[in-house]
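Q: There's a structure below that I have some questions on.
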Amino acid sequence: MSWDEGFAHRYEEWSAHMTEDVPFYVELARAAHGPLVELAVGNGRVAIPVAQATGKTVLGIDTSPSMLEHARTRAVEAGVTLDLREGDMRDLSLDEPAALIYCPFRALLHLPTWADRRRTFERVSASLAPGGRFAWNAFAFDHNIAARLDGHHQDAPVPHSLSYDVPENRVDIVLDETGGTSSIWWATRNEWLGLVDVAGLEVEALYGGFGGEPLSPESREYVFVTRARL
Ligand SMILES: C[S@@+](CC[C@H](N)C(=O)[O-])C[C@H]1O[C@@H](n2cnc3c(N)ncnc32)[C@H](O)[C@@H]1O
């Protein structure tokens with residue numbers, strides 16, 4: 001299980017520190033002339049400001065009923081319309097081709113295998129309008145960080161423990177209160193580039209941060225913008 005319902009319960013607090021990605025995805029959405037889709041929309045943390053900035057309905061897909069319920073409530077409070085659908089990003093299928101599909105906060109890492117990711121990328125590619133963009137971000141694995149955090153308990157932002165399974169390239173995050181677990185499987189730059197290749201997409205930009213910093217040896221985040229061929 002990559003995402004327990006017990007994690008949804010504390011997601012708002014868990015994600016409160018993550019704000020720097022929002023303007024990045026909002027700008028991509030502003031530049032898109034057509035439907036907007038967020039994969040793994042969660043509680044609408046990004047989809048709501050995107051809908052506010054563009055005046056468009058954002059279609060959001062997520063497997064978690066609890067996360068979608070949070071998104072519904074938060075969208076009503078914000079006065080925006082989200083088209084929220086319970087579903088798996090591996091089965092993405094749209095009625096209308098999208099101008100932008102995006103997947104923030106490392107959510108593609110919830111897919112356990114390369115085959116799961118390949119399937120998702122192929123569905124994304126088939127769902128984009130010509131020239132449409134697919135953007136996502138994911139952390140770059142740092143063994144120093146892993147060595148520091150493996151097996152450790154942390155109180156912030158929500159009390160939790162982290163464990164690394166290196167041969168499985170997986171991190172398990174377990175919340176104290178609910179036992180809710182979020183598992184992520186890290187990927188290398190070449191794995192991402194392989195996915196882009198097999199899905200027939202083109203890399204438009206690969207940044208090392210949300211401010212458009214070039215990827216460098218110090219970068220710990222991949223920020224990808226790809227597009228469907230014209
Ligand atoms: C880290 S949250 C990201 C939520 C939101 N995009 C954000 O940026 O705050 C990860 C989300 O991925 C969802 N998820 C995990 N596996 C999924 C899958 N195969 N298809 C769709 N959603 C999935 C979880 O339910 C959870 O809501």
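To be explicit about the labels: the chains of the structure tokens are called A, B, and onward in the order shown, and within each one the residues are counted from 1, while ligands get numbers from 1 in the order they are shown.
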If you count only C-alpha atoms, which residues fall within 10 Å of Thr81 of chain A, apart from same-chain ones fewer than 2 positions away, as a list in words?

A: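 Final neighbour list, sorted by chain and number: Ala47, Ile48, Ala51, Gln52, Gly55, Lys56, Thr57, Val58, Leu59, Arg72, Ala75, Val76, Ala78, Gly79, Asp83 and Leu84 of chain A.
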
Q: Need to verify the contact set: Thr181 of chain A, 8 Å, only C-alpha atoms, exclusion of same-chain residues closer than 3 positions in sequence. Can you return it as a PDB file with C-alpha atoms, in the first residue's frame?

A:
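Saved the output as part33.pdb:
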```
ATOM      1  CA  MET A   1       0.000   0.000   0.000  1.00  0.00           C
ATOM      2  CA  SER A   2       1.586   3.270  -1.022  1.00  0.00           C
ATOM      3  CA  TRP A   3      -0.854   5.577   0.744  1.00  0.00           C
ATOM      4  CA  ASP A   4      -2.972   4.706   3.765  1.00  0.00           C
ATOM      5  CA  GLY A   6      -4.549   7.073   8.023  1.00  0.00           C
ATOM      6  CA  PHE A   7      -2.107   9.461   6.370  1.00  0.00           C
ATOM      7  CA  ASP A 172       8.308   4.206   4.422  1.00  0.00           C
ATOM      8  CA  ILE A 173       6.892   7.097   6.415  1.00  0.00           C
ATOM      9  CA  VAL A 174       4.760   5.937   9.331  1.00  0.00           C
ATOM     10  CA  LEU A 175       2.712   8.350  11.431  1.00  0.00           C
TER      11      LEU A 175
END
```

Q: Using only C-alpha atoms and all ligand atoms, find each residue in chain A having at least one atom no more than 8 Å away from ligand 1; report its shortest atom-to-atom pair and that distance in Å (one decimal), rows by chain then rising number, as a tab-separated table.

A:
```
residue	atom	partner	partner_atom_place_in_ligand_line	distance
A:Ser2	CA	ligand 1	15 (C)	6.1
A:Trp3	CA	ligand 1	24 (C)	5.5
A:Asp4	CA	ligand 1	25 (O)	7.6
A:Glu5	CA	ligand 1	25 (O)	7.8
A:Ala8	CA	ligand 1	27 (O)	7.1
A:Tyr11	CA	ligand 1	2 (S)	7.8
A:Ser15	CA	ligand 1	9 (O)	6.5
A:Glu38	CA	ligand 1	6 (N)	7.0
A:Leu39	CA	ligand 1	21 (C)	6.1
A:Ala40	CA	ligand 1	22 (N)	3.7
A:Val41	CA	ligand 1	6 (N)	4.1
A:Gly42	CA	ligand 1	27 (O)	3.4
A:Asn43	CA	ligand 1	4 (C)	6.2
A:Gly44	CA	ligand 1	5 (C)	6.2
A:Arg45	CA	ligand 1	9 (O)	4.8
A:Val46	CA	ligand 1	8 (O)	5.7
A:Ala47	CA	ligand 1	6 (N)	7.8
A:Ile61	CA	ligand 1	21 (C)	5.9
A:Asp62	CA	ligand 1	22 (N)	3.7
A:Thr63	CA	ligand 1	22 (N)	4.5
A:Ser64	CA	ligand 1	25 (O)	4.2
A:Pro65	CA	ligand 1	25 (O)	7.8
A:Met67	CA	ligand 1	27 (O)	5.4
A:Leu68	CA	ligand 1	27 (O)	7.6
A:Glu86	CA	ligand 1	21 (C)	7.9
A:Gly87	CA	ligand 1	21 (C)	6.0
A:Asp88	CA	ligand 1	20 (N)	3.5
A:Met89	CA	ligand 1	20 (N)	4.0
A:Arg90	CA	ligand 1	19 (N)	6.0
A:Cys103	CA	ligand 1	6 (N)	6.0
A:Pro104	CA	ligand 1	8 (O)	4.5
A:Phe105	CA	ligand 1	8 (O)	4.4
A:Arg106	CA	ligand 1	1 (C)	6.3
A:Ala107	CA	ligand 1	10 (C)	4.7
A:Leu108	CA	ligand 1	16 (N)	7.5
A:His110	CA	ligand 1	16 (N)	5.1
A:Leu111	CA	ligand 1	19 (N)	6.0
```

Q: Please produce a file of the residues just selected, as a tab-separated table (two decimals), in the first residue's frame, where the atoms kept are N, CA, C and O atoms.

A:
```
chain	number	residue	atom	x	y	z
A	2	SER	N	0.71	2.10	-0.96
A	2	SER	CA	1.59	3.27	-1.02
A	2	SER	C	1.03	4.45	-0.23
A	2	SER	O	1.75	5.36	0.10
A	3	TRP	N	-0.26	4.43	0.07
A	3	TRP	CA	-0.85	5.58	0.74
A	3	TRP	C	-2.04	5.12	1.58
A	3	TRP	O	-3.08	4.75	1.05
A	4	ASP	N	-1.88	5.13	2.89
A	4	ASP	CA	-2.97	4.71	3.76
A	4	ASP	C	-3.92	5.85	4.03
A	4	ASP	O	-3.51	7.00	4.10
A	5	GLU	N	-5.17	5.50	4.24
A	5	GLU	CA	-6.15	6.52	4.59
A	5	GLU	C	-5.75	7.22	5.90
A	5	GLU	O	-6.07	8.37	6.12
A	8	ALA	N	-4.02	10.47	5.30
A	8	ALA	CA	-4.87	11.58	4.82
A	8	ALA	C	-5.31	12.46	5.99
A	8	ALA	O	-5.38	13.69	5.87
A	11	TYR	N	-2.73	15.06	6.60
A	11	TYR	CA	-2.01	15.57	5.42
A	11	TYR	C	-1.87	17.09	5.40
A	11	TYR	O	-0.84	17.61	4.98
A	15	SER	N	1.78	18.71	4.93
A	15	SER	CA	2.18	19.42	3.71
A	15	SER	C	2.26	20.93	3.89
A	15	SER	O	2.58	21.65	2.94
A	38	GLU	N	-4.69	17.41	-12.69
A	38	GLU	CA	-3.68	17.08	-11.68
A	38	GLU	C	-3.79	15.61	-11.32
A	38	GLU	O	-4.85	15.13	-10.90
A	39	LEU	N	-2.68	14.89	-11.46
A	39	LEU	CA	-2.62	13.48	-11.02
A	39	LEU	C	-2.32	13.46	-9.53
A	39	LEU	O	-1.44	14.20	-9.07
A	40	ALA	N	-3.02	12.60	-8.79
A	40	ALA	CA	-2.82	12.48	-7.34
A	40	ALA	C	-3.09	13.84	-6.68
A	40	ALA	O	-2.24	14.39	-5.98
A	41	VAL	N	-4.30	14.32	-6.90
A	41	VAL	CA	-4.66	15.70	-6.50
A	41	VAL	C	-4.67	15.92	-4.99
A	41	VAL	O	-4.57	17.04	-4.50
A	42	GLY	N	-4.78	14.82	-4.23
A	42	GLY	CA	-4.74	14.94	-2.78
A	42	GLY	C	-5.86	15.81	-2.24
A	42	GLY	O	-7.03	15.68	-2.65
A	43	ASN	N	-5.51	16.73	-1.35
A	43	ASN	CA	-6.53	17.58	-0.74
A	43	ASN	C	-6.72	18.90	-1.50
A	43	ASN	O	-7.32	19.82	-0.99
A	44	GLY	N	-6.17	18.96	-2.71
A	44	GLY	CA	-6.37	20.16	-3.53
A	44	GLY	C	-5.38	21.27	-3.21
A	44	GLY	O	-5.55	22.40	-3.65
A	45	ARG	N	-4.34	20.96	-2.48
A	45	ARG	CA	-3.34	21.95	-2.06
A	45	ARG	C	-2.87	22.80	-3.24
A	45	ARG	O	-2.75	24.03	-3.12
A	46	VAL	N	-2.61	22.17	-4.40
A	46	VAL	CA	-2.15	22.90	-5.59
A	46	VAL	C	-3.32	23.20	-6.53
A	46	VAL	O	-3.40	24.29	-7.12
A	47	ALA	N	-4.23	22.26	-6.66
A	47	ALA	CA	-5.34	22.42	-7.62
A	47	ALA	C	-6.20	23.64	-7.28
A	47	ALA	O	-6.68	24.33	-8.19
A	61	ILE	N	-7.43	13.71	-10.05
A	61	ILE	CA	-7.61	12.26	-9.90
A	61	ILE	C	-6.82	11.79	-8.69
A	61	ILE	O	-5.68	12.20	-8.48
A	62	ASP	N	-7.43	10.94	-7.88
A	62	ASP	CA	-6.73	10.40	-6.72
A	62	ASP	C	-7.38	9.08	-6.32
A	62	ASP	O	-8.58	8.89	-6.49
A	63	THR	N	-6.57	8.18	-5.78
A	63	THR	CA	-7.11	6.88	-5.33
A	63	THR	C	-7.74	6.96	-3.94
A	63	THR	O	-8.45	6.05	-3.54
A	64	SER	N	-7.45	8.02	-3.19
A	64	SER	CA	-7.86	8.06	-1.78
A	64	SER	C	-9.18	8.79	-1.58
A	64	SER	O	-9.27	10.01	-1.77
A	65	PRO	N	-10.22	8.07	-1.15
A	65	PRO	CA	-11.51	8.74	-0.88
A	65	PRO	C	-11.38	9.83	0.18
A	65	PRO	O	-12.01	10.88	0.05
A	67	MET	N	-8.71	11.72	0.94
A	67	MET	CA	-8.05	12.90	0.39
A	67	MET	C	-9.03	13.67	-0.51
A	67	MET	O	-9.09	14.90	-0.47
A	68	LEU	N	-9.81	12.95	-1.30
A	68	LEU	CA	-10.77	13.61	-2.19
A	68	LEU	C	-11.84	14.34	-1.38
A	68	LEU	O	-12.29	15.42	-1.76
A	86	GLU	N	-12.33	9.74	-8.25
A	86	GLU	CA	-11.57	8.66	-7.61
A	86	GLU	C	-11.04	7.74	-8.71
A	86	GLU	O	-11.82	7.23	-9.53
A	87	GLY	N	-9.74	7.58	-8.76
A	87	GLY	CA	-9.17	6.74	-9.81
A	87	GLY	C	-7.67	6.65	-9.64
A	87	GLY	O	-7.07	7.38	-8.86
A	88	ASP	N	-7.10	5.75	-10.40
A	88	ASP	CA	-5.67	5.47	-10.34
A	88	ASP	C	-5.00	6.13	-11.54
A	88	ASP	O	-5.47	5.97	-12.67
A	89	MET	N	-3.90	6.84	-11.28
A	89	MET	CA	-3.24	7.54	-12.40
A	89	MET	C	-2.73	6.56	-13.45
A	89	MET	O	-2.54	6.94	-14.60
A	90	ARG	N	-2.53	5.31	-13.08
A	90	ARG	CA	-2.08	4.32	-14.06
A	90	ARG	C	-3.16	4.04	-15.11
A	90	ARG	O	-2.88	3.49	-16.17
A	103	CYS	N	1.84	16.76	-11.76
A	103	CYS	CA	1.82	15.83	-10.62
A	103	CYS	C	2.82	16.35	-9.57
A	103	CYS	O	4.00	15.99	-9.61
A	104	PRO	N	2.34	17.20	-8.65
A	104	PRO	CA	3.25	17.82	-7.67
A	104	PRO	C	3.63	16.90	-6.51
A	104	PRO	O	3.09	15.80	-6.35
A	105	PHE	N	4.49	17.43	-5.69
A	105	PHE	CA	4.86	16.87	-4.39
A	105	PHE	C	5.26	15.40	-4.47
A	105	PHE	O	4.88	14.58	-3.64
A	106	ARG	N	6.01	15.06	-5.53
A	106	ARG	CA	6.66	13.74	-5.62
A	106	ARG	C	5.67	12.59	-5.68
A	106	ARG	O	6.02	11.45	-5.34
A	107	ALA	N	4.45	12.90	-6.10
A	107	ALA	CA	3.41	11.85	-6.01
A	107	ALA	C	3.65	10.70	-6.99
A	107	ALA	O	3.16	9.59	-6.76
A	108	LEU	N	4.43	10.93	-8.06
A	108	LEU	CA	4.71	9.80	-8.96
A	108	LEU	C	5.53	8.73	-8.24
A	108	LEU	O	5.56	7.58	-8.66
A	110	HIS	N	4.87	7.42	-5.55
A	110	HIS	CA	4.01	6.43	-4.89
A	110	HIS	C	3.80	5.19	-5.77
A	110	HIS	O	3.23	4.21	-5.31
A	111	LEU	N	4.20	5.28	-7.03
A	111	LEU	CA	4.06	4.12	-7.92
A	111	LEU	C	5.25	3.19	-7.69
A	111	LEU	O	6.40	3.61	-7.87
```

Q: For Leu109 of chain A, find every residue with an atom within 8 Å (counting only C-alpha atoms), except residues of its own chain fewer than 3 positions away, and show them as a list of chain:residue names.

A: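 With the cut-off at 8 Å, the set is A:Arg106, A:Pro112, A:Ala138, A:Ile184, A:Trp185, A:Trp186, A:Ala187.
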
Q: Those selected residues, please, written with C-alpha atoms and delivered as a short mmCIF file (atom, residue, chain, number, x, y, z; two decimals), in the first residue's frame.

A:
```cif
data_model
loop_
_atom_site.label_atom_id
_atom_site.label_comp_id
_atom_site.auth_asym_id
_atom_site.auth_seq_id
_atom_site.Cartn_x
_atom_site.Cartn_y
_atom_site.Cartn_z
CA ARG A 106 6.66 13.74 -5.62
CA PRO A 112 6.10 1.08 -6.84
CA ALA A 138 10.55 14.28 -7.40
CA ILE A 184 7.67 6.18 -1.92
CA TRP A 185 10.03 4.52 -4.37
CA TRP A 186 12.81 6.88 -5.45
CA ALA A 187 13.98 7.14 -9.07
#
```

Q: Could you pull out the residues in segment 94-135 of chain A that DSSP calls strand (DSSP E) from the backbone, as number ranges by chain?

A: A: 98-103, 128-135

Q: The selected residues should be written to file as an mmCIF file, in the first residue's frame (atoms: N, CA and C atoms).

A:
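Generated file (again_32.cif):
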```
data_model
loop_
_atom_site.group_PDB
_atom_site.id
_atom_site.type_symbol
_atom_site.label_atom_id
_atom_site.label_comp_id
_atom_site.auth_asym_id
_atom_site.auth_seq_id
_atom_site.Cartn_x
_atom_site.Cartn_y
_atom_site.Cartn_z
ATOM 1 N N ALA A 98 -5.745 16.998 -22.771
ATOM 2 C CA ALA A 98 -5.370 18.056 -21.820
ATOM 3 C C ALA A 98 -4.267 18.941 -22.393
ATOM 4 N N ALA A 99 -4.292 20.206 -21.970
ATOM 5 C CA ALA A 99 -3.201 21.124 -22.326
ATOM 6 C C ALA A 99 -2.073 21.005 -21.312
ATOM 7 N N LEU A 100 -2.438 20.637 -20.082
ATOM 8 C CA LEU A 100 -1.430 20.469 -19.025
ATOM 9 C C LEU A 100 -1.866 19.344 -18.091
ATOM 10 N N ILE A 101 -0.972 18.404 -17.882
ATOM 11 C CA ILE A 101 -1.135 17.401 -16.829
ATOM 12 C C ILE A 101 0.051 17.602 -15.894
ATOM 13 N N TYR A 102 -0.208 17.667 -14.610
ATOM 14 C CA TYR A 102 0.898 17.897 -13.676
ATOM 15 C C TYR A 102 0.723 17.015 -12.446
ATOM 16 N N CYS A 103 1.840 16.758 -11.762
ATOM 17 C CA CYS A 103 1.821 15.835 -10.617
ATOM 18 C C CYS A 103 2.818 16.345 -9.571
ATOM 19 N N LEU A 128 -2.641 13.828 -23.688
ATOM 20 C CA LEU A 128 -2.253 15.226 -23.923
ATOM 21 C C LEU A 128 -2.621 15.664 -25.338
ATOM 22 N N ALA A 129 -3.027 16.917 -25.462
ATOM 23 C CA ALA A 129 -3.185 17.519 -26.783
ATOM 24 C C ALA A 129 -1.790 17.711 -27.391
ATOM 25 N N PRO A 130 -1.665 17.788 -28.733
ATOM 26 C CA PRO A 130 -0.353 18.038 -29.328
ATOM 27 C C PRO A 130 0.277 19.291 -28.707
ATOM 28 N N GLY A 131 1.523 19.179 -28.277
ATOM 29 C CA GLY A 131 2.192 20.327 -27.634
ATOM 30 C C GLY A 131 1.824 20.503 -26.174
ATOM 31 N N GLY A 132 0.898 19.678 -25.684
ATOM 32 C CA GLY A 132 0.492 19.770 -24.271
ATOM 33 C C GLY A 132 1.642 19.361 -23.364
ATOM 34 N N ARG A 133 1.618 19.865 -22.135
ATOM 35 C CA ARG A 133 2.743 19.629 -21.222
ATOM 36 C C ARG A 133 2.410 18.653 -20.097
ATOM 37 N N PHE A 134 3.442 17.922 -19.694
ATOM 38 C CA PHE A 134 3.371 17.091 -18.486
ATOM 39 C C PHE A 134 4.517 17.540 -17.581
ATOM 40 N N ALA A 135 4.184 17.948 -16.353
ATOM 41 C CA ALA A 135 5.197 18.460 -15.415
ATOM 42 C C ALA A 135 5.062 17.736 -14.086
#
```

Q: Given the choices A:Val50, A:Leu230, A:Ala140, A:Ala115, which gets closest to Glu202 of chain A if the distance is worked out from only C-alpha atoms?

A: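 That would be A:Leu230, the residue with the smallest distance to Glu202 of chain A.
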
Q: Would you mind listing what lies within 8 Å of Ala29 of chain A as a ChimeraX atom specification, with only C-alpha atoms counted and same-chain residues fewer than 3 positions away left out?

A: /A:25-26,32,36,50,54,100

Q: Using backbone DSSP assignments, extract all helix (DSSP H, G or I) residues from segment 25-68 of chain A; output them as a short mmCIF file (atom, residue, chain, number, x, y, z; two decimals) with N, CA and C atoms, in the first residue's frame.

A:
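Final output, saved to part-v5.cif:
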```
data_model
loop_
_atom_site.label_atom_id
_atom_site.label_comp_id
_atom_site.auth_asym_id
_atom_site.auth_seq_id
_atom_site.Cartn_x
_atom_site.Cartn_y
_atom_site.Cartn_z
N TYR A 25 3.56 25.64 -10.52
CA TYR A 25 2.48 24.95 -11.25
C TYR A 25 1.40 25.93 -11.71
N VAL A 26 1.18 26.99 -10.93
CA VAL A 26 0.21 28.01 -11.35
C VAL A 26 0.66 28.65 -12.67
N GLU A 27 1.94 28.96 -12.80
CA GLU A 27 2.43 29.60 -14.03
C GLU A 27 2.26 28.67 -15.23
N LEU A 28 2.55 27.39 -15.03
CA LEU A 28 2.35 26.44 -16.14
C LEU A 28 0.87 26.40 -16.54
N ALA A 29 0.01 26.44 -15.53
CA ALA A 29 -1.43 26.37 -15.80
C ALA A 29 -1.90 27.63 -16.53
N ARG A 30 -1.37 28.77 -16.16
CA ARG A 30 -1.74 30.02 -16.85
C ARG A 30 -1.35 29.98 -18.32
N ALA A 47 -4.23 22.26 -6.66
CA ALA A 47 -5.34 22.42 -7.62
C ALA A 47 -6.20 23.64 -7.28
N ILE A 48 -6.36 23.94 -6.00
CA ILE A 48 -7.23 25.08 -5.63
C ILE A 48 -6.60 26.40 -6.06
N PRO A 49 -5.33 26.68 -5.74
CA PRO A 49 -4.74 27.92 -6.27
C PRO A 49 -4.65 27.95 -7.79
N VAL A 50 -4.49 26.79 -8.42
CA VAL A 50 -4.48 26.76 -9.90
C VAL A 50 -5.85 27.17 -10.43
N ALA A 51 -6.90 26.63 -9.84
CA ALA A 51 -8.26 26.98 -10.28
C ALA A 51 -8.54 28.46 -10.02
N GLN A 52 -8.06 28.96 -8.89
CA GLN A 52 -8.27 30.38 -8.57
C GLN A 52 -7.56 31.27 -9.58
N ALA A 53 -6.32 30.91 -9.93
CA ALA A 53 -5.51 31.77 -10.80
C ALA A 53 -5.98 31.74 -12.25
N THR A 54 -6.54 30.62 -12.68
CA THR A 54 -6.89 30.47 -14.10
C THR A 54 -8.39 30.65 -14.37
N PRO A 65 -10.22 8.07 -1.15
CA PRO A 65 -11.51 8.74 -0.88
C PRO A 65 -11.38 9.83 0.18
N SER A 66 -10.54 9.61 1.21
CA SER A 66 -10.41 10.62 2.27
C SER A 66 -9.76 11.89 1.74
N MET A 67 -8.71 11.72 0.94
CA MET A 67 -8.05 12.90 0.39
C MET A 67 -9.03 13.67 -0.51
N LEU A 68 -9.81 12.95 -1.30
CA LEU A 68 -10.77 13.61 -2.19
C LEU A 68 -11.84 14.34 -1.38
#
```

Q: May I ask which of the residues A:Glu221, A:Glu77, A:Glu122, A:Asp150 is the closest one to Gly200 of chain A, counting only C-alpha atoms?

A: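 That would be A:Glu122, the residue with the smallest distance to Gly200 of chain A.
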
Q: I want to know what sits within 10 Å of Leu94 of chain A, based on only C-alpha atoms, with residues of the same chain fewer than 2 positions away left out; could you give that as a ChimeraX atom specification?

A: /A:35,37,59,91-92,96-98,123-124,126-128

Q: Hey, can you spit out that residue selection with all heavy atoms as a short mmCIF file (atom, residue, chain, number, x, y, z; two decimals), in the first residue's frame?

A:
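This is the output file out.cif:
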```cif
data_model
loop_
_atom_site.label_atom_id
_atom_site.label_comp_id
_atom_site.auth_asym_id
_atom_site.auth_seq_id
_atom_site.Cartn_x
_atom_site.Cartn_y
_atom_site.Cartn_z
N PRO A 35 -7.74 22.09 -21.22
CA PRO A 35 -8.01 21.45 -19.93
C PRO A 35 -6.76 21.21 -19.08
O PRO A 35 -5.67 20.92 -19.59
CB PRO A 35 -8.65 20.11 -20.34
CG PRO A 35 -9.23 20.36 -21.68
CD PRO A 35 -8.32 21.34 -22.35
N VAL A 37 -5.22 19.06 -15.73
CA VAL A 37 -5.42 17.82 -14.97
C VAL A 37 -4.31 17.67 -13.94
O VAL A 37 -3.13 17.79 -14.28
CB VAL A 37 -5.40 16.59 -15.92
CG1 VAL A 37 -5.53 15.29 -15.13
CG2 VAL A 37 -6.51 16.69 -16.96
N LEU A 59 -9.36 19.21 -13.27
CA LEU A 59 -9.75 17.81 -13.08
C LEU A 59 -8.68 17.15 -12.21
O LEU A 59 -7.49 17.17 -12.55
CB LEU A 59 -9.83 17.12 -14.44
CG LEU A 59 -10.55 15.77 -14.54
CD1 LEU A 59 -10.79 15.44 -16.00
CD2 LEU A 59 -9.80 14.65 -13.88
N ASP A 91 -4.42 4.41 -14.77
CA ASP A 91 -5.54 4.15 -15.69
C ASP A 91 -6.09 5.44 -16.28
O ASP A 91 -7.26 5.49 -16.69
CB ASP A 91 -6.68 3.43 -14.94
CG ASP A 91 -6.21 2.13 -14.33
OD1 ASP A 91 -5.37 1.46 -14.96
OD2 ASP A 91 -6.68 1.78 -13.22
N LEU A 92 -5.27 6.49 -16.28
CA LEU A 92 -5.76 7.80 -16.74
C LEU A 92 -6.43 7.69 -18.11
O LEU A 92 -5.86 7.14 -19.05
CB LEU A 92 -4.57 8.78 -16.83
CG LEU A 92 -4.92 10.17 -17.35
CD1 LEU A 92 -5.77 10.93 -16.34
CD2 LEU A 92 -3.63 10.95 -17.66
N GLU A 96 -11.44 14.62 -23.06
CA GLU A 96 -10.88 15.69 -23.90
C GLU A 96 -9.38 15.75 -23.67
O GLU A 96 -8.94 15.69 -22.51
CB GLU A 96 -11.45 17.01 -23.37
CG GLU A 96 -12.05 17.92 -24.41
CD GLU A 96 -12.37 19.27 -23.75
OE1 GLU A 96 -12.94 19.29 -22.63
OE2 GLU A 96 -12.02 20.27 -24.35
N PRO A 97 -8.56 15.91 -24.71
CA PRO A 97 -7.11 15.99 -24.49
C PRO A 97 -6.74 17.18 -23.62
O PRO A 97 -7.35 18.25 -23.72
CB PRO A 97 -6.53 16.16 -25.91
CG PRO A 97 -7.63 15.85 -26.84
CD PRO A 97 -8.93 16.03 -26.13
N ALA A 98 -5.75 17.00 -22.77
CA ALA A 98 -5.37 18.06 -21.82
C ALA A 98 -4.27 18.94 -22.39
O ALA A 98 -3.41 18.48 -23.15
CB ALA A 98 -4.89 17.41 -20.52
N ARG A 123 -0.15 6.61 -20.46
CA ARG A 123 -1.53 7.15 -20.38
C ARG A 123 -1.50 8.68 -20.47
O ARG A 123 -2.36 9.29 -21.08
CB ARG A 123 -2.21 6.72 -19.06
CG ARG A 123 -2.52 5.24 -18.88
CD ARG A 123 -3.24 4.62 -20.07
NE ARG A 123 -4.34 5.45 -20.50
CZ ARG A 123 -4.73 5.58 -21.77
NH1 ARG A 123 -4.12 4.94 -22.74
NH2 ARG A 123 -5.74 6.37 -22.09
N VAL A 124 -0.50 9.29 -19.82
CA VAL A 124 -0.38 10.75 -19.89
C VAL A 124 -0.15 11.18 -21.34
O VAL A 124 -0.82 12.09 -21.85
CB VAL A 124 0.78 11.25 -18.99
CG1 VAL A 124 1.16 12.69 -19.31
CG2 VAL A 124 0.40 11.11 -17.51
N ALA A 126 -0.92 9.71 -24.05
CA ALA A 126 -2.13 9.50 -24.87
C ALA A 126 -3.22 10.51 -24.52
O ALA A 126 -4.16 10.69 -25.29
CB ALA A 126 -2.65 8.08 -24.64
N SER A 127 -3.09 11.18 -23.38
CA SER A 127 -4.15 12.08 -22.91
C SER A 127 -3.85 13.55 -23.16
O SER A 127 -4.66 14.42 -22.85
CB SER A 127 -4.36 11.89 -21.39
OG SER A 127 -4.63 10.54 -21.10
N LEU A 128 -2.64 13.83 -23.69
CA LEU A 128 -2.25 15.23 -23.92
C LEU A 128 -2.62 15.66 -25.34
O LEU A 128 -2.48 14.89 -26.30
CB LEU A 128 -0.74 15.39 -23.76
CG LEU A 128 -0.18 15.47 -22.34
CD1 LEU A 128 1.35 15.45 -22.38
CD2 LEU A 128 -0.68 16.71 -21.59
#
```

Q: Would you compute the distance between atom CA of Arg117 of chain A and atom CA of Leu195 of chain A? Give it in Å to one decimal.

A: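 If I compute the distance from atom CA of Arg117 of chain A to atom CA of Leu195 of chain A, I get 7.3 Å.
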
Q: How many Å separate atom CA of Ser183 of chain A from atom CA of Val171 of chain A?

A: 5.6 Å

Q: Work out how far atom CA of Gly208 of chain A is from atom CA of Ala156 of chain A, in Å to one decimal.

A: 25.0 Å

Q: Find the residues near Leu149 of chain A: any atom within 12 Å, counting only C-alpha atoms, skip ones fewer than 2 places away on the same chain, and give them as a ChimeraX atom specification.

A: /A:142-147,151-154,160-165,171-173

Q: Name the closest residue to Glu168 of chain A among the candidates A:Gly180, A:Ser216, A:Thr113, A:Gly194; distances are taken between atoms, counting only C-alpha atoms.

A: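 Residue with the minimum atom-to-atom distance to Glu168 of chain A: A:Thr113.
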